[in-house]
$ cat target.txt   # compact mmCIF, C-alpha atoms
# COMPACT_ATOMS: atom_id res chain seq x y z
CA MET A 1 80.70 108.59 70.20
CA LYS A 2 81.97 112.13 69.74
CA LYS A 3 81.67 113.83 73.13
CA ILE A 4 81.81 111.57 76.17
CA MET A 5 81.07 112.25 79.84
CA ILE A 6 82.42 109.76 82.38
CA THR A 7 81.30 109.44 86.00
CA GLY A 8 83.59 107.79 88.55
CA ALA A 9 86.52 108.96 86.44
CA SER A 10 89.03 108.70 89.28
CA GLY A 11 88.24 105.04 89.99
CA GLN A 12 90.00 101.86 88.93
CA ILE A 13 88.41 101.62 85.50
CA GLY A 14 87.45 105.25 85.06
CA SER A 15 90.94 106.70 85.41
CA GLU A 16 92.34 104.48 82.66
CA LEU A 17 89.23 104.74 80.51
CA VAL A 18 89.54 108.54 80.48
CA ALA A 19 93.14 108.30 79.24
CA LYS A 20 92.24 105.81 76.50
CA LEU A 21 89.22 107.75 75.25
CA ARG A 22 91.10 111.05 75.24
CA LYS A 23 93.81 109.43 73.15
CA GLU A 24 91.28 108.04 70.66
CA TYR A 25 88.60 110.78 70.59
CA GLY A 26 90.56 113.88 71.63
CA THR A 27 91.29 115.31 75.08
CA GLU A 28 88.70 118.08 74.86
CA ASN A 29 85.98 115.61 73.87
CA VAL A 30 86.07 113.61 77.10
CA LEU A 31 84.70 115.14 80.32
CA ALA A 32 85.91 113.38 83.46
CA THR A 33 83.75 113.71 86.59
CA ASP A 34 84.16 112.33 90.09
CA ILE A 35 83.30 113.21 93.68
CA LYS A 36 87.01 113.55 94.36
CA GLU A 37 89.44 115.56 92.31
CA SER A 38 92.37 113.79 90.68
CA ALA A 39 95.85 115.24 90.50
CA ASN A 40 96.39 113.36 87.23
CA GLN A 41 93.70 115.10 85.17
CA THR A 42 95.06 116.62 81.97
CA GLY A 43 91.76 117.58 80.35
CA PRO A 44 88.21 118.69 81.18
CA PHE A 45 87.20 117.75 84.74
CA GLU A 46 84.23 118.60 86.93
CA LYS A 47 83.48 117.55 90.48
CA LEU A 48 80.26 115.51 90.65
CA ASP A 49 78.36 113.56 93.29
CA VAL A 50 76.34 111.12 91.18
CA THR A 51 73.44 111.30 93.64
CA ASP A 52 73.00 114.94 92.55
CA ALA A 53 70.81 114.52 89.46
CA LYS A 54 70.52 118.24 88.72
CA ARG A 55 74.28 118.74 88.68
CA MET A 56 74.78 115.69 86.46
CA HIS A 57 72.21 116.97 83.96
CA GLU A 58 73.77 120.44 83.89
CA LEU A 59 77.26 119.09 83.25
CA ALA A 60 76.13 116.77 80.45
CA LYS A 61 74.05 119.47 78.78
CA ASN A 62 76.73 122.17 79.01
CA PHE A 63 79.37 119.79 77.64
CA GLU A 64 76.99 118.79 74.83
CA ALA A 65 77.81 115.14 75.49
CA ASP A 66 76.35 112.49 73.20
CA THR A 67 77.51 109.60 75.39
CA ILE A 68 77.59 108.98 79.14
CA MET A 69 79.68 106.22 80.67
CA HIS A 70 78.55 105.63 84.23
CA MET A 71 81.47 104.06 86.11
CA ALA A 72 80.79 105.32 89.65
CA ALA A 73 80.07 102.51 92.11
CA LEU A 74 81.01 101.08 95.50
CA LEU A 75 82.82 97.75 95.02
CA SER A 76 81.94 94.35 96.44
CA ALA A 77 83.81 94.04 99.75
CA THR A 78 83.36 97.72 100.58
CA ALA A 79 79.65 97.50 99.78
CA GLU A 80 79.24 94.68 102.31
CA GLU A 81 80.62 96.96 105.01
CA ARG A 82 78.11 99.71 104.14
CA PRO A 83 75.17 98.02 102.37
CA LEU A 84 72.61 100.84 102.68
CA PHE A 85 75.11 103.42 101.51
CA ALA A 86 76.03 101.11 98.62
CA TRP A 87 72.39 100.79 97.56
CA ASN A 88 71.83 104.54 97.64
CA LEU A 89 75.04 105.31 95.76
CA ASN A 90 75.02 102.48 93.23
CA MET A 91 71.33 102.52 92.37
CA GLY A 92 70.66 106.22 92.91
CA GLY A 93 73.62 107.17 90.75
CA LEU A 94 72.59 104.74 88.02
CA VAL A 95 69.01 106.00 87.87
CA ASN A 96 70.25 109.57 87.66
CA ALA A 97 72.66 108.71 84.84
CA LEU A 98 69.96 106.85 82.91
CA GLU A 99 67.56 109.75 83.29
CA VAL A 100 70.16 112.24 82.07
CA ALA A 101 70.86 110.02 79.07
CA ARG A 102 67.12 109.71 78.35
CA GLU A 103 66.45 113.43 78.70
CA LEU A 104 69.38 114.41 76.48
CA ASN A 105 69.10 111.46 74.05
CA MET A 106 72.58 110.13 74.79
CA GLN A 107 74.24 106.77 74.26
CA PHE A 108 74.74 105.01 77.58
CA PHE A 109 77.25 102.54 79.04
CA THR A 110 77.59 101.07 82.51
CA PRO A 111 79.45 97.93 83.58
CA SER A 112 77.93 95.00 85.39
CA SER A 113 80.02 92.27 87.00
CA ILE A 114 80.36 88.57 87.69
CA GLY A 115 79.10 89.70 91.10
CA ALA A 116 75.63 89.62 89.51
CA PHE A 117 75.79 85.84 89.76
CA GLY A 118 75.23 83.85 92.95
CA PRO A 119 75.77 80.43 94.51
CA SER A 120 72.85 78.90 92.59
CA THR A 121 74.25 80.04 89.23
CA PRO A 122 76.04 77.29 87.21
CA LYS A 123 79.68 77.52 88.34
CA ASN A 124 81.49 76.43 85.19
CA ASN A 125 81.19 78.10 81.79
CA THR A 126 78.35 80.22 83.19
CA PRO A 127 75.90 81.03 80.35
CA GLN A 128 75.03 84.52 79.18
CA ASP A 129 71.41 84.00 80.22
CA THR A 130 71.11 82.09 83.48
CA LEU A 131 69.84 82.14 87.06
CA GLN A 132 71.04 85.22 88.97
CA ARG A 133 70.46 85.19 92.74
CA PRO A 134 73.47 87.02 94.27
CA THR A 135 73.97 87.07 98.04
CA THR A 136 75.79 90.40 98.30
CA MET A 137 74.53 93.97 98.16
CA TYR A 138 76.95 94.65 95.30
CA GLY A 139 75.49 91.71 93.38
CA VAL A 140 71.91 92.81 94.08
CA ASN A 141 72.83 96.26 92.75
CA LYS A 142 74.33 94.78 89.60
CA VAL A 143 71.32 92.56 88.81
CA ALA A 144 68.96 95.46 89.41
CA GLY A 145 71.17 97.62 87.21
CA GLU A 146 71.13 95.12 84.36
CA LEU A 147 67.33 94.97 84.48
CA LEU A 148 67.04 98.74 84.72
CA CYS A 149 69.23 99.27 81.65
CA ASP A 150 67.16 96.73 79.72
CA TYR A 151 64.02 98.57 80.84
CA TYR A 152 65.29 101.93 79.61
CA PHE A 153 66.07 100.36 76.23
CA THR A 154 62.72 98.60 75.80
CA ARG A 155 60.58 101.34 77.40
CA PHE A 156 62.28 104.49 76.12
CA GLY A 157 64.47 103.30 73.25
CA LEU A 158 67.59 104.49 75.08
CA ASP A 159 70.78 103.09 73.52
CA THR A 160 72.04 101.30 76.63
CA ARG A 161 75.03 98.95 76.49
CA GLY A 162 77.13 97.11 79.06
CA VAL A 163 79.34 94.16 79.93
CA ARG A 164 79.73 91.89 82.94
CA PHE A 165 83.34 92.42 83.90
CA PRO A 166 85.32 89.75 85.69
CA GLY A 167 88.12 90.76 88.07
CA LEU A 168 90.18 93.50 86.43
CA ILE A 169 93.94 93.64 86.81
CA SER A 170 95.68 96.99 86.35
CA ASN A 171 99.25 98.27 86.50
CA VAL A 172 98.03 101.87 86.85
CA THR A 173 95.58 102.01 89.75
CA PRO A 174 96.20 100.11 93.02
CA PRO A 175 93.68 97.61 94.46
CA GLY A 176 90.56 99.33 95.77
CA GLY A 177 88.20 97.12 97.78
CA GLY A 178 87.10 94.44 95.32
CA THR A 179 87.11 90.73 96.07
CA THR A 180 89.22 89.97 92.99
CA ASP A 181 91.77 92.66 93.87
CA TYR A 182 94.11 90.05 95.33
CA ALA A 183 95.11 89.44 91.71
CA VAL A 184 96.29 93.06 91.51
CA ASP A 185 97.87 93.27 94.96
CA ILE A 186 99.91 90.11 94.41
CA TYR A 187 101.94 91.80 91.64
CA TYR A 188 102.63 94.88 93.75
CA LYS A 189 103.78 92.74 96.69
CA ALA A 190 105.87 90.53 94.39
CA VAL A 191 107.84 93.57 93.20
CA GLN A 192 107.98 95.33 96.57
CA GLU A 193 108.50 92.41 98.96
CA GLY A 194 109.00 89.22 96.95
CA LYS A 195 106.13 87.55 98.82
CA TYR A 196 102.37 87.74 99.25
CA THR A 197 99.71 86.63 101.75
CA SER A 198 96.50 85.79 99.92
CA TYR A 199 93.13 86.54 101.48
CA ILE A 200 91.51 84.23 98.89
CA ALA A 201 91.87 80.49 99.49
CA GLN A 202 93.78 78.06 97.32
CA GLY A 203 91.57 76.47 94.68
CA SER A 204 89.20 79.46 94.39
CA TYR A 205 88.81 80.06 90.67
CA MET A 206 87.53 83.41 89.39
CA ASP A 207 87.43 84.99 85.94
CA MET A 208 89.91 87.78 85.30
CA MET A 209 90.88 90.23 82.57
CA TYR A 210 93.82 92.57 82.02
CA MET A 211 92.77 96.22 81.95
CA PRO A 212 93.86 96.94 78.35
CA ASP A 213 91.48 94.21 77.15
CA ALA A 214 88.68 95.57 79.35
CA LEU A 215 89.05 99.11 78.01
CA GLN A 216 89.10 97.90 74.41
CA ALA A 217 85.96 95.87 75.08
CA ILE A 218 84.12 99.04 76.14
CA VAL A 219 85.14 100.89 72.99
CA ASP A 220 84.33 97.95 70.73
CA LEU A 221 80.87 97.50 72.23
CA MET A 222 80.04 101.19 72.05
CA GLU A 223 81.12 101.35 68.41
CA ALA A 224 79.27 98.15 67.46
CA ASN A 225 76.36 98.12 65.03
CA PRO A 226 73.23 98.27 67.24
CA GLU A 227 71.32 96.08 64.78
CA LYS A 228 73.60 93.15 65.66
CA LEU A 229 73.13 93.48 69.42
CA ILE A 230 70.67 90.96 70.78
CA HIS A 231 71.51 91.36 74.46
CA ARG A 232 72.80 94.98 74.51
CA ASN A 233 73.49 94.95 78.27
CA ALA A 234 75.47 92.71 80.59
CA PHE A 235 77.51 90.77 78.03
CA ASN A 236 79.72 88.13 79.61
CA VAL A 237 83.38 88.98 78.90
CA THR A 238 86.49 87.23 80.19
CA ALA A 239 90.09 86.49 79.28
CA MET A 240 91.20 83.88 81.81
CA SER A 241 90.17 81.98 84.92
CA PHE A 242 92.70 81.05 87.61
CA GLU A 243 93.13 80.39 91.31
CA PRO A 244 95.82 81.91 93.57
CA GLU A 245 98.39 79.13 93.10
CA GLU A 246 98.26 79.56 89.32
CA ILE A 247 98.95 83.28 89.42
CA ALA A 248 101.79 82.65 91.89
CA ALA A 249 103.25 80.02 89.53
CA SER A 250 103.05 82.51 86.65
CA ILE A 251 104.96 85.08 88.72
CA ARG A 252 107.63 82.49 89.59
CA LYS A 253 108.35 82.05 85.88
CA VAL A 254 109.71 85.60 86.02
CA MET A 255 110.66 85.81 89.73
CA PRO A 256 111.64 82.28 90.89
CA GLU A 257 112.19 83.47 94.48
CA PHE A 258 108.58 84.66 94.91
CA THR A 259 106.65 83.00 97.78
CA MET A 260 103.00 83.03 98.82
CA ASP A 261 101.07 81.94 101.90
CA TYR A 262 97.44 82.33 103.00
CA LYS A 263 95.39 84.22 105.57
CA VAL A 264 91.85 83.85 104.25
CA ASP A 265 89.39 86.71 104.78
CA PRO A 266 86.01 85.06 105.52
CA VAL A 267 83.97 87.94 104.05
CA ARG A 268 85.79 88.15 100.74
CA GLN A 269 86.14 84.37 100.53
CA ALA A 270 82.37 83.96 100.93
CA ILE A 271 81.86 86.44 98.10
CA ALA A 272 84.37 84.60 95.91
CA ASP A 273 82.69 81.25 96.63
CA SER A 274 79.35 82.64 95.44
CA TRP A 275 80.77 83.60 92.03
CA PRO A 276 81.38 81.41 88.95
CA ASN A 277 84.63 79.57 88.30
CA SER A 278 84.42 80.55 84.63
CA ILE A 279 81.94 82.31 82.34
CA ASP A 280 80.95 81.89 78.71
CA PRO A 281 81.62 84.99 76.51
CA THR A 282 80.13 83.50 73.32
CA ALA A 283 77.38 86.14 72.98
CA ALA A 284 79.91 88.99 73.12
CA LYS A 285 82.09 87.28 70.52
CA GLU A 286 79.20 86.64 68.15
CA GLU A 287 77.33 89.95 68.53
CA TRP A 288 80.19 92.47 68.52
CA GLY A 289 83.45 90.60 68.00
CA PHE A 290 84.82 90.58 71.54
CA LYS A 291 88.34 89.19 71.80
CA ALA A 292 90.92 89.34 74.59
CA LYS A 293 94.64 89.54 73.74
CA PHE A 294 96.25 88.80 77.11
CA ASP A 295 96.44 85.39 78.78
CA LEU A 296 97.84 84.88 82.31
CA ASP A 297 101.53 84.62 81.42
CA ALA A 298 101.44 87.54 78.96
CA MET A 299 99.71 89.68 81.58
CA THR A 300 102.22 88.66 84.25
CA ILE A 301 105.20 89.66 82.13
CA ASP A 302 103.67 93.05 81.32
CA MET A 303 102.50 93.72 84.90
CA LEU A 304 105.90 92.96 86.42
CA ASN A 305 107.81 94.96 83.81
CA VAL A 306 105.62 98.03 84.35
CA LEU A 307 105.55 97.79 88.14
CA LYS A 308 109.32 97.35 88.42
CA GLU A 309 109.70 100.72 86.73
CA LYS A 310 106.78 102.33 88.55
CA LEU A 311 107.82 101.23 92.05
CA LYS A 312 111.52 102.04 91.81
$ encode --input "target.txt" --output "structure tokens"
Amino acid sequence: MKKIMITGASGQIGSELVAKLRKEYGTENVLATDIKESANQTGPFEKLDVTDAKRMHELAKNFEADTIMHMAALLSATAEERPLFAWNLNMGGLVNALEVARELNMQFFTPSSIGAFGPSTPKNNTPQDTLQRPTTMYGVNKVAGELLCDYYFTRFGLDTRGVRFPGLISNVTPPGGGTTDYAVDIYYKAVQEGKYTSYIAQGSYMDMMYMPDALQAIVDLMEANPEKLIHRNAFNVTAMSFEPEEIAASIRKVMPEFTMDYKVDPVRQAIADSWPNSIDPTAAKEEWGFKAKFDLDAMTIDMLNVLKEKLK
């Protein structure tokens, strides 16, 4: 990667990915694009609706990008509220990005998600290759996206790569409509109010990862030797699996006065129940050396330290 164009650059992952890539590859070598402008942009930025294929092609060509990272998407809970809009945005944007990459011979990355799994998928230590029958529009989009990226590789030789992200926890961007975002919001509420009401039920395990590990995984995969990649797209990656009581207990190690109760959201709980309790990242470890640095307690300490300063 030398010149990188990112869609959805103002989103949860995109905003932090832009900063990391600009630090590693140079500010002027990373073009951030999004449908909404960001006040935090300190380098090249262009406004882009990913459903506008012509505009996307023009921006990539003019920037002379050799890599496109397609991060624009509507997240799980939000997609359930507007399923047709989610299909048009998530799939239309992905097809456009793949076509631009094919036409300009670019390297391509897009993330999938544990949302690509469904209630019939094995719940524990979910394999890399397994049954995928999701029951959400977001999940349907992700499965279709995984297959589409594989198709572009096998049919056109396009260098497509991707991971299946678990819930991502960030100290930079606030929660934004995902089912796993309770694990972000809980830290904000712990610092601001000393208490939290969880919309996910006790005992609901989901895979999670701290954002620094997620960003490094993207870079590591994109820099990996393509000859060693068997799967290429939709690699399982994870750092930890926990349920709400465990994250609350981790917070209490730092803030003993913290309390939590429950008011379960049926929509997001149904989504959570359809996802795995834990996934197996063996393929990512063996094919490109994936490794996460943060466990739950290490993440908690870092999250609380950063947010205490940020939310003063």
$ atom_distance --input "target.txt" --atom1 "atom CA of A:Arg252" --atom2 "atom CA of A:Lys312"
20.1 Å
$ closest_residue --input "target.txt" --among "A:Tyr196, A:Tyr205, A:Phe290, A:Phe117" --to "A:Ser241" --atoms "only C-alpha atoms"
A:Tyr205
$ residues_around --input "target.txt" --residues "stretch 262-265 of chain A" --least-positions-apart "2" --cutoff "9 Å" --atoms "all atoms listed in the file" --output "list in words"
Tyr196, Thr197, Ser198, Tyr199, Ile200, Ala201, Gln202, Met260, Val267, Arg268, Gln269 and Ala270 of chain A
$ write_last_selection --input "target.txt" --atoms "C-alpha atoms" --output "PDB file, in the frame of the given file"
ATOM      1  CA  TYR A 196     102.370  87.740  99.250  1.00  0.00           C
ATOM      2  CA  THR A 197      99.710  86.630 101.750  1.00  0.00           C
ATOM      3  CA  SER A 198      96.500  85.790  99.920  1.00  0.00           C
ATOM      4  CA  TYR A 199      93.130  86.540 101.480  1.00  0.00           C
ATOM      5  CA  ILE A 200      91.510  84.230  98.890  1.00  0.00           C
ATOM      6  CA  ALA A 201      91.870  80.490  99.490  1.00  0.00           C
ATOM      7  CA  GLN A 202      93.780  78.060  97.320  1.00  0.00           C
ATOM      8  CA  MET A 260     103.000  83.030  98.820  1.00  0.00           C
ATOM      9  CA  VAL A 267      83.970  87.940 104.050  1.00  0.00           C
ATOM     10  CA  ARG A 268      85.790  88.150 100.740  1.00  0.00           C
ATOM     11  CA  GLN A 269      86.140  84.370 100.530  1.00  0.00           C
ATOM     12  CA  ALA A 270      82.370  83.960 100.930  1.00  0.00           C
TER      13      ALA A 270
END
$ residues_around --input "target.txt" --residues "A:Thr33" --least-positions-apart "5" --cutoff "8 Å" --atoms "only C-alpha atoms" --output "number ranges by chain"
A: 5-10, 45-48
$ atom_distance --input "target.txt" --atom1 "atom CA of A:Phe108" --atom2 "atom CA of A:Ala284"
17.4 Å
$ residues_around --input "target.txt" --residues "stretch 11-21 of chain A" --least-positions-apart "2" --cutoff "7 Å" --atoms "all atoms listed in the file" --output "ChimeraX atom specification"
/A:8-9,23-25,30,32,71,173,215
$ residues_near_point --input "target.txt" --point "(102.6, 82.6, 83.8)" --cutoff "8 Å" --atoms "only C-alpha atoms" --output "VMD selection string"
chain A and resid 246 to 247 249 to 253 296 to 301
$ write_last_selection --input "target.txt" --atoms "C-alpha atoms" --output "mmCIF file, in the frame of the given file"
data_model
loop_
_atom_site.group_PDB
_atom_site.id
_atom_site.type_symbol
_atom_site.label_atom_id
_atom_site.label_comp_id
_atom_site.auth_asym_id
_atom_site.auth_seq_id
_atom_site.Cartn_x
_atom_site.Cartn_y
_atom_site.Cartn_z
ATOM 1 C CA GLU A 246 98.260 79.560 89.320
ATOM 2 C CA ILE A 247 98.950 83.280 89.420
ATOM 3 C CA ALA A 249 103.250 80.020 89.530
ATOM 4 C CA SER A 250 103.050 82.510 86.650
ATOM 5 C CA ILE A 251 104.960 85.080 88.720
ATOM 6 C CA ARG A 252 107.630 82.490 89.590
ATOM 7 C CA LYS A 253 108.350 82.050 85.880
ATOM 8 C CA LEU A 296 97.840 84.880 82.310
ATOM 9 C CA ASP A 297 101.530 84.620 81.420
ATOM 10 C CA ALA A 298 101.440 87.540 78.960
ATOM 11 C CA MET A 299 99.710 89.680 81.580
ATOM 12 C CA THR A 300 102.220 88.660 84.250
ATOM 13 C CA ILE A 301 105.200 89.660 82.130
#
$ closest_residue --input "target.txt" --among "A:Lys189, A:Arg161, A:Arg55, A:Lys3" --to "A:Trp288" --atoms "all atoms listed in the file"
A:Arg161
$ residues_around --input "target.txt" --residues "A:Glu309" --least-positions-apart "3" --cutoff "12 Å" --atoms "only C-alpha atoms" --output "ChimeraX atom specification"
/A:171-172,188,191-192,302-306,312
$ write_last_selection --input "target.txt" --atoms "C-alpha atoms" --output "PDB file, keeping the file's coordinate frame"
ATOM      1  CA  ASN A 171      99.250  98.270  86.500  1.00  0.00           C
ATOM      2  CA  VAL A 172      98.030 101.870  86.850  1.00  0.00           C
ATOM      3  CA  TYR A 188     102.630  94.880  93.750  1.00  0.00           C
ATOM      4  CA  VAL A 191     107.840  93.570  93.200  1.00  0.00           C
ATOM      5  CA  GLN A 192     107.980  95.330  96.570  1.00  0.00           C
ATOM      6  CA  ASP A 302     103.670  93.050  81.320  1.00  0.00           C
ATOM      7  CA  MET A 303     102.500  93.720  84.900  1.00  0.00           C
ATOM      8  CA  LEU A 304     105.900  92.960  86.420  1.00  0.00           C
ATOM      9  CA  ASN A 305     107.810  94.960  83.810  1.00  0.00           C
ATOM     10  CA  VAL A 306     105.620  98.030  84.350  1.00  0.00           C
ATOM     11  CA  LYS A 312     111.520 102.040  91.810  1.00  0.00           C
TER      12      LYS A 312
END
$ atom_distance --input "target.txt" --atom1 "atom CA of A:Met1" --atom2 "atom CA of A:Asp66"
6.6 Å
$ closest_residue --input "target.txt" --among "A:Val143, A:Leu104, A:Leu311, A:Cys149" --to "A:Glu193" --atoms "all atoms listed in the file"
A:Leu311
$ decode --input "target.txt" --residues "stretch 197-260 of chain A" --atoms "C-alpha atoms" --output "tab-separated table (two decimals), in the first residue's frame"
chain	number	residue	atom	x	y	z
A	197	THR	CA	-28.28	0.22	32.24
A	198	SER	CA	-27.52	-2.60	29.81
A	199	TYR	CA	-29.79	-3.27	26.85
A	200	ILE	CA	-28.10	-6.68	26.44
A	201	ALA	CA	-29.14	-9.40	28.90
A	202	GLN	CA	-26.92	-11.00	31.51
A	203	GLY	CA	-25.23	-14.14	30.20
A	204	SER	CA	-25.14	-12.97	26.56
A	205	TYR	CA	-21.61	-13.69	25.38
A	206	MET	CA	-20.23	-11.94	22.30
A	207	ASP	CA	-16.74	-11.63	20.84
A	208	MET	CA	-15.05	-8.27	21.24
A	209	MET	CA	-11.82	-6.50	20.29
A	210	TYR	CA	-10.18	-3.25	21.32
A	211	MET	CA	-9.84	-0.82	18.42
A	212	PRO	CA	-6.01	-0.64	18.41
A	213	ASP	CA	-5.91	-4.41	17.80
A	214	ALA	CA	-8.54	-4.13	15.06
A	215	LEU	CA	-6.64	-1.41	13.21
A	216	GLN	CA	-3.38	-3.34	13.42
A	217	ALA	CA	-5.16	-6.42	12.06
A	218	ILE	CA	-6.18	-4.47	8.95
A	219	VAL	CA	-2.64	-3.29	8.31
A	220	ASP	CA	-1.14	-6.72	8.96
A	221	LEU	CA	-3.56	-8.44	6.59
A	222	MET	CA	-3.05	-5.88	3.83
A	223	GLU	CA	0.73	-6.19	4.11
A	224	ALA	CA	0.66	-10.01	4.24
A	225	ASN	CA	2.20	-12.16	1.52
A	226	PRO	CA	-0.71	-13.03	-0.81
A	227	GLU	CA	0.79	-16.46	-1.51
A	228	LYS	CA	0.12	-17.46	2.11
A	229	LEU	CA	-3.54	-16.41	2.07
A	230	ILE	CA	-5.86	-19.35	1.65
A	231	HIS	CA	-9.09	-17.60	2.64
A	232	ARG	CA	-8.25	-13.98	1.69
A	233	ASN	CA	-11.65	-12.64	2.80
A	234	ALA	CA	-13.67	-12.84	6.00
A	235	PHE	CA	-10.98	-14.08	8.38
A	236	ASN	CA	-12.29	-14.69	11.89
A	237	VAL	CA	-10.51	-12.33	14.32
A	238	THR	CA	-11.17	-11.83	18.02
A	239	ALA	CA	-9.47	-10.86	21.25
A	240	MET	CA	-11.98	-11.75	23.97
A	241	SER	CA	-15.49	-12.98	24.62
A	242	PHE	CA	-17.52	-11.73	27.59
A	243	GLU	CA	-21.03	-11.06	28.83
A	244	PRO	CA	-22.24	-7.83	30.51
A	245	GLU	CA	-21.52	-8.93	34.10
A	246	GLU	CA	-17.89	-9.66	33.21
A	247	ILE	CA	-17.25	-6.24	31.73
A	248	ALA	CA	-18.93	-4.65	34.76
A	249	ALA	CA	-16.69	-6.70	37.08
A	250	SER	CA	-13.64	-5.54	35.12
A	251	ILE	CA	-14.71	-1.91	35.55
A	252	ARG	CA	-15.21	-2.43	39.30
A	253	LYS	CA	-11.56	-3.43	39.62
A	254	VAL	CA	-10.79	0.20	38.78
A	255	MET	CA	-14.04	1.85	39.97
A	256	PRO	CA	-15.42	-0.22	42.89
A	257	GLU	CA	-18.51	2.00	43.18
A	258	PHE	CA	-19.70	1.26	39.64
A	259	THR	CA	-23.20	-0.30	39.38
A	260	MET	CA	-25.16	-1.85	36.52
